[in-house]
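Q: Sending over data-v4.cif (mmCIF, C-alpha atoms and all ligand atoms).
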data_query
#
loop_
_atom_site.label_atom_id
_atom_site.label_comp_id
_atom_site.auth_asym_id
_atom_site.auth_seq_id
_atom_site.Cartn_x
_atom_site.Cartn_y
_atom_site.Cartn_z
CA VAL J 1 92.50 171.25 67.13
CA GLU J 2 91.08 168.89 69.65
CA PHE J 3 92.24 170.68 72.80
CA SER J 4 92.30 174.46 73.13
CA GLY J 5 91.84 176.96 75.90
CA GLN J 6 93.09 174.57 78.53
CA ARG J 7 96.46 175.04 80.14
CA ILE J 8 98.77 172.10 79.51
CA VAL J 9 101.40 171.65 82.21
CA TYR J 10 104.05 168.96 82.19
CA VAL J 11 105.02 168.00 85.74
CA LEU J 12 108.47 166.46 86.04
CA GLY J 13 110.91 165.60 88.80
CA GLY J 14 112.74 162.49 89.89
CA PRO J 15 111.08 159.45 91.46
CA GLY J 16 109.82 160.57 94.87
CA SER J 17 110.27 164.29 94.20
CA GLY J 18 106.58 164.84 95.08
CA LYS J 19 104.94 165.18 91.66
CA GLY J 20 101.78 163.30 92.64
CA THR J 21 101.49 164.93 96.06
CA GLN J 22 101.75 168.46 94.65
CA CYS J 23 99.39 167.69 91.75
CA THR J 24 96.73 166.63 94.26
CA ARG J 25 97.07 169.99 95.99
CA ILE J 26 96.88 171.89 92.67
CA VAL J 27 93.68 170.00 91.80
CA GLU J 28 92.14 170.95 95.16
CA GLU J 29 93.00 174.61 94.80
CA PHE J 30 92.73 175.27 91.07
CA GLY J 31 90.45 172.55 89.65
CA TYR J 32 92.90 171.18 87.14
CA ILE J 33 92.69 167.58 85.96
CA HIS J 34 95.59 165.45 87.14
CA LEU J 35 96.78 162.80 84.71
CA SER J 36 99.66 160.71 85.99
CA ALA J 37 101.24 158.71 83.18
CA GLY J 38 102.50 156.22 85.76
CA ASP J 39 99.00 155.79 87.26
CA LEU J 40 97.51 155.27 83.79
CA LEU J 41 100.12 152.59 83.11
CA ARG J 42 99.45 150.91 86.47
CA GLN J 43 95.74 150.81 85.54
CA GLU J 44 96.69 148.97 82.35
CA VAL J 45 98.79 146.51 84.35
CA ALA J 46 95.82 145.90 86.65
CA LYS J 47 93.76 144.69 83.68
CA GLY J 48 95.97 141.62 83.65
CA ASN J 49 96.22 141.22 79.87
CA GLU J 50 99.32 140.61 77.81
CA ILE J 51 100.06 144.29 77.16
CA GLY J 52 99.72 144.88 80.88
CA GLN J 53 102.24 142.16 81.62
CA ASN J 54 104.75 143.75 79.25
CA ILE J 55 104.22 147.16 80.86
CA GLU J 56 104.70 145.67 84.32
CA GLU J 57 108.05 144.14 83.37
CA ILE J 58 109.33 147.41 81.93
CA MET J 59 108.26 149.33 85.06
CA LYS J 60 109.94 146.80 87.35
CA GLU J 61 113.17 147.52 85.47
CA GLY J 62 112.67 151.28 85.84
CA LYS J 63 112.72 151.59 82.06
CA LEU J 64 110.42 153.55 79.75
CA VAL J 65 107.24 152.09 78.29
CA PRO J 66 106.97 152.68 74.50
CA GLN J 67 105.61 156.18 74.01
CA GLU J 68 102.77 155.15 71.68
CA ILE J 69 101.17 153.42 74.67
CA THR J 70 101.59 156.32 77.09
CA ILE J 71 100.49 158.97 74.61
CA GLY J 72 97.42 156.92 73.69
CA LEU J 73 96.45 156.61 77.35
CA LEU J 74 96.95 160.33 77.98
CA ARG J 75 94.96 161.33 74.91
CA ASP J 76 92.05 159.05 75.83
CA ALA J 77 92.00 160.39 79.38
CA MET J 78 92.10 164.01 78.17
CA ARG J 79 89.08 163.42 75.92
CA HIS J 80 86.96 162.85 79.02
CA HIS J 81 87.67 166.28 80.49
CA LYS J 82 87.00 168.90 77.87
CA ASP J 83 85.73 171.55 80.32
CA CYS J 84 88.59 171.78 82.83
CA PRO J 85 90.87 174.82 83.19
CA GLY J 86 93.95 172.76 82.58
CA PHE J 87 95.73 169.43 82.63
CA LEU J 88 98.63 168.39 84.82
CA ILE J 89 100.53 165.81 82.82
CA ASP J 90 102.46 164.17 85.66
CA GLY J 91 105.56 162.11 84.92
CA PHE J 92 105.59 162.78 81.19
CA PRO J 93 107.45 163.36 78.86
CA ARG J 94 110.10 160.99 80.13
CA GLU J 95 112.40 161.62 77.16
CA ILE J 96 112.64 164.32 74.53
CA ALA J 97 111.10 162.23 71.74
CA GLN J 98 107.97 161.69 73.85
CA GLY J 99 107.39 165.41 74.18
CA LEU J 100 107.93 165.95 70.48
CA GLN J 101 105.37 163.29 69.52
CA PHE J 102 102.84 164.46 72.11
CA GLU J 103 103.06 168.05 70.89
CA LYS J 104 102.74 166.98 67.28
CA GLU J 105 99.82 164.59 67.75
CA VAL J 106 97.94 165.82 70.81
CA VAL J 107 98.57 169.38 71.99
CA GLU J 108 101.34 171.84 72.72
CA SER J 109 102.38 172.37 76.33
CA ASP J 110 102.35 175.74 78.06
CA PHE J 111 105.11 175.11 80.57
CA LEU J 112 106.99 172.48 82.49
CA LEU J 113 106.85 172.43 86.27
CA PHE J 114 110.06 170.86 87.54
CA PHE J 115 110.41 169.57 91.09
CA ASP J 116 114.10 169.68 91.79
CA CYS J 117 115.06 167.29 94.59
CA SER J 118 118.23 165.54 95.73
CA GLU J 119 118.55 161.79 95.21
CA GLU J 120 119.23 161.37 98.90
CA ILE J 121 115.88 162.85 99.87
CA MET J 122 113.97 161.10 97.08
CA GLU J 123 115.42 157.74 98.15
CA GLU J 124 114.48 158.37 101.76
CA ARG J 125 110.87 159.18 100.80
CA LEU J 126 110.50 156.18 98.51
CA LEU J 127 111.95 153.75 101.05
CA LYS J 128 109.57 155.12 103.64
CA ARG J 129 106.66 154.66 101.26
CA SER J 130 107.85 151.14 100.40
CA GLN J 131 106.95 150.01 103.92
CA HIS J 132 103.25 150.37 103.15
CA SER J 133 102.85 150.80 99.39
CA GLU J 134 101.84 148.24 96.84
CA ARG J 135 104.03 149.65 94.11
CA PRO J 136 106.28 146.88 92.87
CA ASP J 137 108.90 149.46 91.87
CA ASP J 138 109.36 150.72 95.43
CA ASN J 139 112.33 148.50 96.28
CA ILE J 140 115.90 149.75 96.48
CA GLU J 141 117.03 147.85 93.39
CA THR J 142 114.30 149.33 91.15
CA ILE J 143 114.60 152.75 92.80
CA LYS J 144 118.26 152.94 91.70
CA LYS J 145 117.25 152.01 88.17
CA ARG J 146 114.50 154.66 88.16
CA PHE J 147 117.09 157.25 89.25
CA ALA J 148 119.43 156.19 86.42
CA THR J 149 116.68 156.45 83.79
CA PHE J 150 115.67 159.85 85.17
CA THR J 151 119.21 161.22 84.94
CA GLU J 152 119.92 159.75 81.54
CA LYS J 153 116.61 160.30 79.74
CA THR J 154 114.41 162.77 81.64
CA LEU J 155 116.81 165.49 82.82
CA PRO J 156 117.59 166.25 79.14
CA VAL J 157 113.85 166.93 78.68
CA VAL J 158 114.12 169.71 81.27
CA ASP J 159 117.14 171.17 79.45
CA HIS J 160 115.26 170.94 76.17
CA TYR J 161 112.29 173.03 77.39
CA GLU J 162 114.62 175.34 79.30
CA LYS J 163 115.88 176.53 75.92
CA ASP J 164 112.35 177.74 75.12
CA ASN J 165 112.08 179.38 78.56
CA LYS J 166 109.25 177.01 79.44
CA VAL J 167 110.60 175.59 82.72
CA LYS J 168 109.39 176.67 86.14
CA LYS J 169 111.70 175.09 88.68
CA ILE J 170 110.76 174.55 92.31
CA ASP J 171 113.03 173.44 95.14
CA ALA J 172 111.34 170.21 96.24
CA ASN J 173 113.72 169.38 99.10
CA ARG J 174 111.29 170.89 101.58
CA THR J 175 108.05 170.00 103.36
CA VAL J 176 104.90 169.44 101.32
CA ASP J 177 103.44 172.71 102.63
CA GLU J 178 106.57 174.73 101.87
CA VAL J 179 106.74 173.38 98.33
CA PHE J 180 103.03 173.96 97.78
CA ALA J 181 103.23 177.56 99.01
CA GLU J 182 105.53 178.26 96.08
CA VAL J 183 103.44 176.20 93.65
CA ARG J 184 100.26 178.00 94.69
CA ALA J 185 101.87 181.41 94.19
CA LEU J 186 103.03 180.34 90.76
CA PHE J 187 99.61 179.11 89.59
CA GLY J 188 97.86 182.05 91.20
CA ALA J 189 99.98 184.45 89.18
CA LEU J 190 99.29 182.86 85.78
CA PRO J 191 97.40 185.03 83.30
CA PRO J 192 93.72 184.01 82.84
N1 LIG J 201 106.39 163.05 99.88
C1 LIG J 201 106.03 163.80 98.80
N2 LIG J 201 106.42 165.07 98.96
C2 LIG J 201 107.07 165.14 100.16
C3 LIG J 201 107.72 166.19 100.88
N3 LIG J 201 107.78 167.45 100.40
N4 LIG J 201 108.29 165.90 102.06
C4 LIG J 201 108.22 164.62 102.56
N5 LIG J 201 107.62 163.59 101.94
C5 LIG J 201 107.05 163.85 100.74
O1 LIG J 201 105.77 161.24 96.75
C6 LIG J 201 106.59 160.14 97.05
C7 LIG J 201 106.55 159.87 98.54
O2 LIG J 201 107.13 160.97 99.23
C8 LIG J 201 105.14 159.73 99.08
O3 LIG J 201 105.15 158.78 100.12
C9 LIG J 201 104.82 161.14 99.61
O4 LIG J 201 103.91 161.10 100.66
C10 LIG J 201 106.18 161.61 100.06
P1 LIG J 201 104.96 161.34 95.39
O5 LIG J 201 104.12 162.56 95.46
O6 LIG J 201 104.31 160.05 95.09
O7 LIG J 201 106.18 161.60 94.38
P2 LIG J 201 106.29 161.30 92.83
O8 LIG J 201 107.28 162.27 92.30
O9 LIG J 201 104.94 161.28 92.22
O10 LIG J 201 106.93 159.84 92.90
P3 LIG J 201 106.66 158.57 92.00
O11 LIG J 201 107.18 157.41 92.74
O12 LIG J 201 105.25 158.50 91.52
O13 LIG J 201 107.61 158.95 90.77
P4 LIG J 201 108.07 158.11 89.54
O14 LIG J 201 108.44 159.15 88.57
O15 LIG J 201 109.08 157.12 89.89
O16 LIG J 201 106.77 157.26 89.17
P5 LIG J 201 105.74 157.30 87.95
O17 LIG J 201 104.49 156.71 88.44
O18 LIG J 201 105.70 158.63 87.33
O19 LIG J 201 106.40 156.28 86.92
C11 LIG J 201 106.59 154.93 87.29
C12 LIG J 201 107.18 154.16 86.13
O20 LIG J 201 106.28 154.17 85.03
C13 LIG J 201 108.49 154.70 85.54
O21 LIG J 201 109.61 154.28 86.27
C14 LIG J 201 108.46 154.12 84.14
O22 LIG J 201 108.86 152.77 84.15
C15 LIG J 201 106.98 154.17 83.80
N6 LIG J 201 106.59 155.37 83.02
C16 LIG J 201 106.86 155.38 81.65
O23 LIG J 201 107.45 154.43 81.12
N7 LIG J 201 106.46 156.45 80.92
C17 LIG J 201 105.82 157.52 81.46
O24 LIG J 201 105.49 158.46 80.72
C18 LIG J 201 105.55 157.51 82.84
C19 LIG J 201 105.95 156.43 83.60
MG MG J 202 103.84 159.86 91.10
#
Spell out the structure here as structure tokens.
Ligand code: UP5
Ligand code: MG
A:
Amino acid sequence: VEFSGQRIVYVLGGPGSGKGTQCTRIVEEFGYIHLSAGDLLRQEVAKGNEIGQNIEEIMKEGKLVPQEITIGLLRDAMRHHKDCPGFLIDGFPREIAQGLQFEKEVVESDFLLFFDCSEEIMEERLLKRSQHSERPDDNIETIKKRFATFTEKTLPVVDHYEKDNKVKKIDANRTVDEVFAEVRALFGALPP
């Protein structure tokens, strides 16, 4: 096996639930490597080639990029960090089939951290960010589409791993510090 001894944590939650923000805090405190599938895709878009243009169009529609692309990017990124205590796989798997392929071809996950947040609050956060962000998907039209994809495709992923008792759910409708207090306690209590 290519990866062993490192904790593999899927980090899911709707658009604007705080996945990236909390992952940054986990990295600071616990030294994990943060891999955001969305960030990896945005880096591909920034290359300006044809694949990047296709990815950009899919993201502007709030749809899912073909999983072969995302899994390839995640695997490549993981190969650069063999010595870390664990990986935070942020924003992936977006649908059940993605998790199945990742676990078959890359590595099995240990648990899924789920940031549970109301659409109302997520929308408020994203609209606030839209005033100064360069993310082309931070407009109300695309935000609604991202919410729809999340409900239709990604919430079933949480149910899927729930059946294996692998989901750790956090109430993300609170301040960054309040949410992180719970996240920190959770990671601090994990067995070595
Ligand atoms: N903020 C954060 N926490 C807060 C709190 N507790 N209280 C108040 N404000 C808070 O936070 C969002 C904003 O809210 C920030 O301004 C933050 O300061 C504030 P952030 O931490 O960025 O939340 P996050 O959940 O990471 O939101 P993000 O917008 O990144 O979520 P998405 O899931 O929409 O974006 P992602 O980058 O993962 O995916 C983008 C697109 O890529 C998808 O729509 C899809 O098209 C594509 N994609 C795939 O196709 N496949 C993949 O596997 C992954 C992505
Ligand atoms: Mg994010």
Q: Which residues come within 9 Å of Val65 in chain J, counting all atoms listed in the file, excluding same-chain residues fewer than 6 positions away, as number ranges by chain?
A: J: 41, 54-55, 58-59
Q: Could those residues be written to a file, using C-alpha atoms, as a PDB file, keeping the file's coordinate frame?
A:
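Result file follows (result29.pdb):
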ATOM      1  CA  LEU J  41     100.120 152.590  83.110  1.00  0.00           C
ATOM      2  CA  ASN J  54     104.750 143.750  79.250  1.00  0.00           C
ATOM      3  CA  ILE J  55     104.220 147.160  80.860  1.00  0.00           C
ATOM      4  CA  ILE J  58     109.330 147.410  81.930  1.00  0.00           C
ATOM      5  CA  MET J  59     108.260 149.330  85.060  1.00  0.00           C
TER       6      MET J  59
END
Q: Counting only C-alpha atoms and all ligand atoms, name the residues that have an atom within 6 Å of an atom of ligand LIG 201 (chain J); the answer should be given as a list in words.
A: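 Checked against 6 Å with only C-alpha atoms and all ligand atoms; the hits are Gly14, Pro15, Gly16, Ser17, Gly18, Lys19, Gly20, Thr21, Ala37, Gly38, Asp39, Ile58, Met59, Gly62, Lys63, Leu64, Val65, Thr70, Gly91, Phe92, Pro93, Arg94, Arg125, Leu126, Arg129, Arg146, Arg174, Thr175 and Val176 of chain J.
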Q: What is the distance between CA of Met78 in chain J and CA of His34 in chain J, in Å to one decimal?
A: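 Result for CA of Met78 in chain J versus CA of His34 in chain J: 9.7 Å, one decimal.
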Q: Give me, please, the distance in Å between CA of Pro136 in chain J and CA of Arg42 in chain J, quoted to one decimal.
A: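 One can read the CA of Pro136 in chain J to CA of Arg42 in chain J distance as 10.2 Å.
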Q: My list of candidates is J:Arg79, J:Lys60, J:Arg7, J:Lys47. Which is closest to Lys145 in chain J when distances are computed with all atoms listed in the file?
A: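 Ranked by minimum distance to Lys145 in chain J, first place goes to J:Lys60.
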Q: What's around Asp171 in chain J at 10 Å? Count all atoms listed in the file, leave out sequence neighbours fewer than 3 positions away in its own chain, and write the answer as a list in words.
A: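 The contact residues come out as Ser17, Phe114, Phe115, Asp116, Cys117, Ser118, Arg174, Glu178, Val179 and Glu182 of chain J.
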Q: Compare J:Val167, J:Val45, J:Ala185, J:Glu105 by their minimum atom-to-atom distance to Leu155 in chain J, counting only C-alpha atoms, and give me the closest one.
A: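 Under the stated criterion, the closest residue is J:Val167.
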